[in-house]
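**Student:** One structure, pasted below without further comment.
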Amino acid sequence: MNNTTYRNLFSQKERLFTPKRIVAINVKNGKTVWLTDKIFPQHFYPLSIKNYCEAVKVAIKYGTNRMPILSVSSKDFPYCDFNCLDCLACPSRKWAVTNNHIKYPIIPIELYKKVLDEISRYSKERGCEHVRFEICGEGNPDLYKNRVEMIEYATKNCGMGIVYVSTGSKMTNELIDCLVRNSSCIRISFPGITPNAYNKYSNQWKCSFGFEDAISLLKKLTEKRKEYGREGELLIGVRTCIRPLNDGSYKKFLETIGSFGVDAFQAVKVLTPEFSQHLEQTMSQKVVRELLELKESYKELGIQDFQIPNNLNKIYNDRSLKEEMKPSKCWSSIVSPPLYGTNLMCCVLWDRITDLSYHYGIMEGKIGELENMMTGANAQFINENCPKNCKDCCSYNDNKFMESLWKTLKVQDDIDDIKFFFEY
């Protein structure tokens, strides 16, 4: 079955979640010049790894300054109603609102619209029609008072693919309706996957929003998705951390969420600014077996995509970057810069957020400002110092495959003969 036939037969979710790998082929001679089976559909959705491959091709042809911004993670509300244990955002959001380090930690809506317009314009002129726009707080994004207006503007006026990440604890019916009508992906964060674990790890003073509330919200989202006929394009997923009180409960949890149509499950290691304090904490063999068994059987439980860390030996995530692992440049800082308030940055790691020299600049929503910002003095500093001076990296996998592809493409005789194809 060729790619055109496959596109015609299957939904957007099926097209992006069923490929086995992506290949770069010289269509003139039919030779495969590069391939990878590490395609991470949840990570890129509603875009795919193919969009990032095309951006690397642009860098070869025209230079990195012509690469589009493909994805932006917006941290636009630094306050939360939860107090989750080991919250990665607590130190940075405290820094953001102290001494005006971030000019607009909560972005005024009219300025927000101008910023979105500028990001959209910049990317469209570089070949990306639909920027992936991830809304994730650093607190609870439900609490931003203009959220519905902001999402509708980003979708309808800027053509952005909305990815919304929240506990959902403060979702109003209006916001739920808006998200289901406009979003590409809604991911609900579960501090724990049992009532006891949820209460413990959410660390609320009074658990006003608990495990059963979160389950009810998921049901409501999937029912509303069906009502609007968006089952083929709106991805609904769940994310949790691998923690001791979750042990033994993963299968039951997957059965529950799979029974009413949740598409994707992701279990991640705990990230914490105090990583060195937890280096020796090992993961139990019981939970390792549990997760690996589910990796083989998750589709039988109704889940379409299942992600767990590759290395299941330690509880806390080691993101240290060894010298031999460092790519020539930080590709993700070019195509996936985060937005903290209106500060456009290169990275979401604590030491990069709190060092303003690693910020491209403060966006004002002026037409053409991104061309100057992405080539200015701070951009040059970022290009020269990342990843050379990086000790750890949250975008290692992205940078690894883009670096590999770049090294391959730059020695090709005619870059226009190289095309990218999914293999199913």
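Chain lettering (A, B, ...) mirrors the order of the structure tokens, residue numbering begins at 1 for each chain separately, and ligand numbering begins at 1 in order of display.
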Could you find all residues in region 5-120 of chain A that DSSP calls strand (DSSP E) from the backbone, and write them as a list in words?

**Tutor:**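 So the strand (DSSP E) residues in region 5-120 of chain A would be Arg21, Ile22, Val23, Ala24, Ile25, Asn26, Lys31, Thr32, Val33, Trp34, Leu35, Thr36, Ser71, Val72, Ser73, Ser74 and Lys75 of chain A.
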
**Student:** Dump C-alpha atoms for the selected residues as a compact mmCIF listing (two decimals), in the first residue's frame?

**Tutor:**
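Output file part.txt is given in full below:
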# COMPACT_ATOMS: atom_id res chain seq x y z
CA ARG A 21 9.98 4.23 10.79
CA ILE A 22 10.83 7.20 8.58
CA VAL A 23 13.28 7.00 5.70
CA ALA A 24 15.10 9.56 3.57
CA ILE A 25 15.26 8.34 -0.03
CA ASN A 26 17.06 9.71 -3.04
CA LYS A 31 18.58 4.61 -2.54
CA THR A 32 17.78 5.00 1.15
CA VAL A 33 20.30 7.43 2.63
CA TRP A 34 18.98 7.67 6.21
CA LEU A 35 16.35 6.11 8.45
CA THR A 36 15.21 5.87 12.05
CA SER A 71 6.81 23.98 18.14
CA VAL A 72 6.48 26.35 21.07
CA SER A 73 5.87 25.35 24.68
CA SER A 74 4.15 28.28 26.38
CA LYS A 75 4.58 28.84 30.11

**Student:** Find the nearest atom pair between each residue of region 175-279 of chain A and region 45-56 of chain A for residues within 10 Å, count only C-alpha atoms, give distances in Å to one decimal, sort rows by chain and ascending number, and present the table as CSV.

**Tutor:**
residue,atom,partner,partner_atom,distance
A:Ser183,CA,A:Pro46,CA,9.6
A:Ser184,CA,A:Pro46,CA,6.1
A:Cys185,CA,A:Pro46,CA,7.4
A:Glu233,CA,A:Pro46,CA,8.5
A:Leu234,CA,A:Pro46,CA,8.9
A:Leu235,CA,A:Tyr45,CA,8.4

**Student:** For the residues in that selection, give me C-alpha atoms as a compact mmCIF listing (two decimals), in the first residue's frame.

**Tutor:**
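Result saved to selection09.txt:
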# COMPACT_ATOMS: atom_id res chain seq x y z
CA SER A 183 -7.30 21.28 20.26
CA SER A 184 -5.18 18.65 18.58
CA CYS A 185 -4.17 17.02 21.85
CA GLU A 233 -7.94 13.90 15.02
CA LEU A 234 -8.16 14.88 18.70
CA LEU A 235 -5.65 12.89 20.76

**Student:** Rank A:Ser189, A:Ser284, A:Ser332, A:Asn343 by their smallest atom-to-atom distance to Gln266 (chain A), using only C-alpha atoms, and report the top residue only.

**Tutor:**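 Looking at the shortest contact to Gln266 (chain A), the residue is A:Ser189.
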
**Student:** If you count only C-alpha atoms, which residues fall within 10 Å of Arg66 (chain A), apart from same-chain ones fewer than 3 positions away, as JSON, numbers by chain?

**Tutor:** {"A": [55, 56, 58, 59, 60, 61, 62, 63, 69, 122, 123, 125, 126, 127, 334, 371, 374]}

**Student:** Which one of A:Ile193, A:Val148, A:Ile188, A:Cys393 sits closest to Thr172 (chain A) if you count only C-alpha atoms?

**Tutor:**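 The shortest atom-to-atom distance to Thr172 (chain A) comes from A:Val148.
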
**Student:** Give me the residues within 9 Å of region 246-251 of chain A as a list in words, counting only C-alpha atoms and dropping any in the same chain fewer than 4 places off.

**Tutor:**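 Contacts, in chain order: Gly192, Ile193, Thr194, Ala197, Cys241, Ile242, Glu255, Thr256, Ser284, Lys286, Val287, Glu290, Leu291, Leu294, Tyr298 and Leu301 of chain A.
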
**Student:** Please produce a file of the residues just selected, as a compact mmCIF listing (two decimals), in the first residue's frame, where the atoms kept are N, CA and C atoms.

**Tutor:**
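As written to disk, selection17.txt reads:
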# COMPACT_ATOMS: atom_id res chain seq x y z
N GLY A 192 -0.81 10.60 40.63
CA GLY A 192 -0.81 9.19 40.98
C GLY A 192 -1.96 8.49 40.29
N ILE A 193 -1.90 7.16 40.14
CA ILE A 193 -2.92 6.45 39.36
C ILE A 193 -3.83 5.59 40.23
N THR A 194 -3.84 5.86 41.52
CA THR A 194 -4.85 5.32 42.45
C THR A 194 -5.29 6.49 43.33
N ALA A 197 -2.49 7.24 45.85
CA ALA A 197 -1.30 7.81 45.22
C ALA A 197 -1.57 9.23 44.73
N CYS A 241 3.99 10.01 36.60
CA CYS A 241 5.37 9.67 36.96
C CYS A 241 5.43 8.27 37.55
N ILE A 242 6.54 7.59 37.33
CA ILE A 242 6.75 6.26 37.89
C ILE A 242 7.16 6.44 39.35
N GLU A 255 -6.67 -0.28 31.81
CA GLU A 255 -7.98 -0.87 31.49
C GLU A 255 -9.09 0.16 31.67
N THR A 256 -9.00 0.94 32.74
CA THR A 256 -10.03 1.94 33.03
C THR A 256 -10.07 3.02 31.96
N SER A 284 12.16 -0.75 41.40
CA SER A 284 11.97 -2.15 41.78
C SER A 284 11.81 -3.03 40.54
N LYS A 286 9.87 -5.44 40.25
CA LYS A 286 8.45 -5.71 40.07
C LYS A 286 7.81 -4.71 39.13
N VAL A 287 8.09 -3.44 39.33
CA VAL A 287 7.48 -2.43 38.46
C VAL A 287 8.12 -2.45 37.08
N GLU A 290 6.33 -5.11 35.30
CA GLU A 290 4.96 -4.67 35.05
C GLU A 290 4.90 -3.76 33.83
N LEU A 291 5.80 -2.79 33.75
CA LEU A 291 5.79 -1.83 32.65
C LEU A 291 6.20 -2.49 31.33
N LEU A 294 3.32 -4.53 29.98
CA LEU A 294 2.28 -3.66 29.40
C LEU A 294 2.72 -3.09 28.06
N TYR A 298 -0.44 -3.39 25.65
CA TYR A 298 -1.29 -2.23 25.91
C TYR A 298 -2.45 -2.09 24.93
N LEU A 301 -5.73 -3.46 25.85
CA LEU A 301 -6.46 -2.73 26.88
C LEU A 301 -7.14 -1.48 26.34

**Student:** So that I can check the surroundings of Ile308 (chain A), please list as a list in words every protein, DNA and RNA residue that reaches within 9 Å of it, counting only C-alpha atoms and ignoring chain neighbours fewer than 4 positions away.

**Tutor:**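 Once the nearby chain positions are removed, what remains is Phe265, Gln266, Ala267, Val268, Lys269, Leu291, Leu292, Lys295 and Leu312 of chain A.
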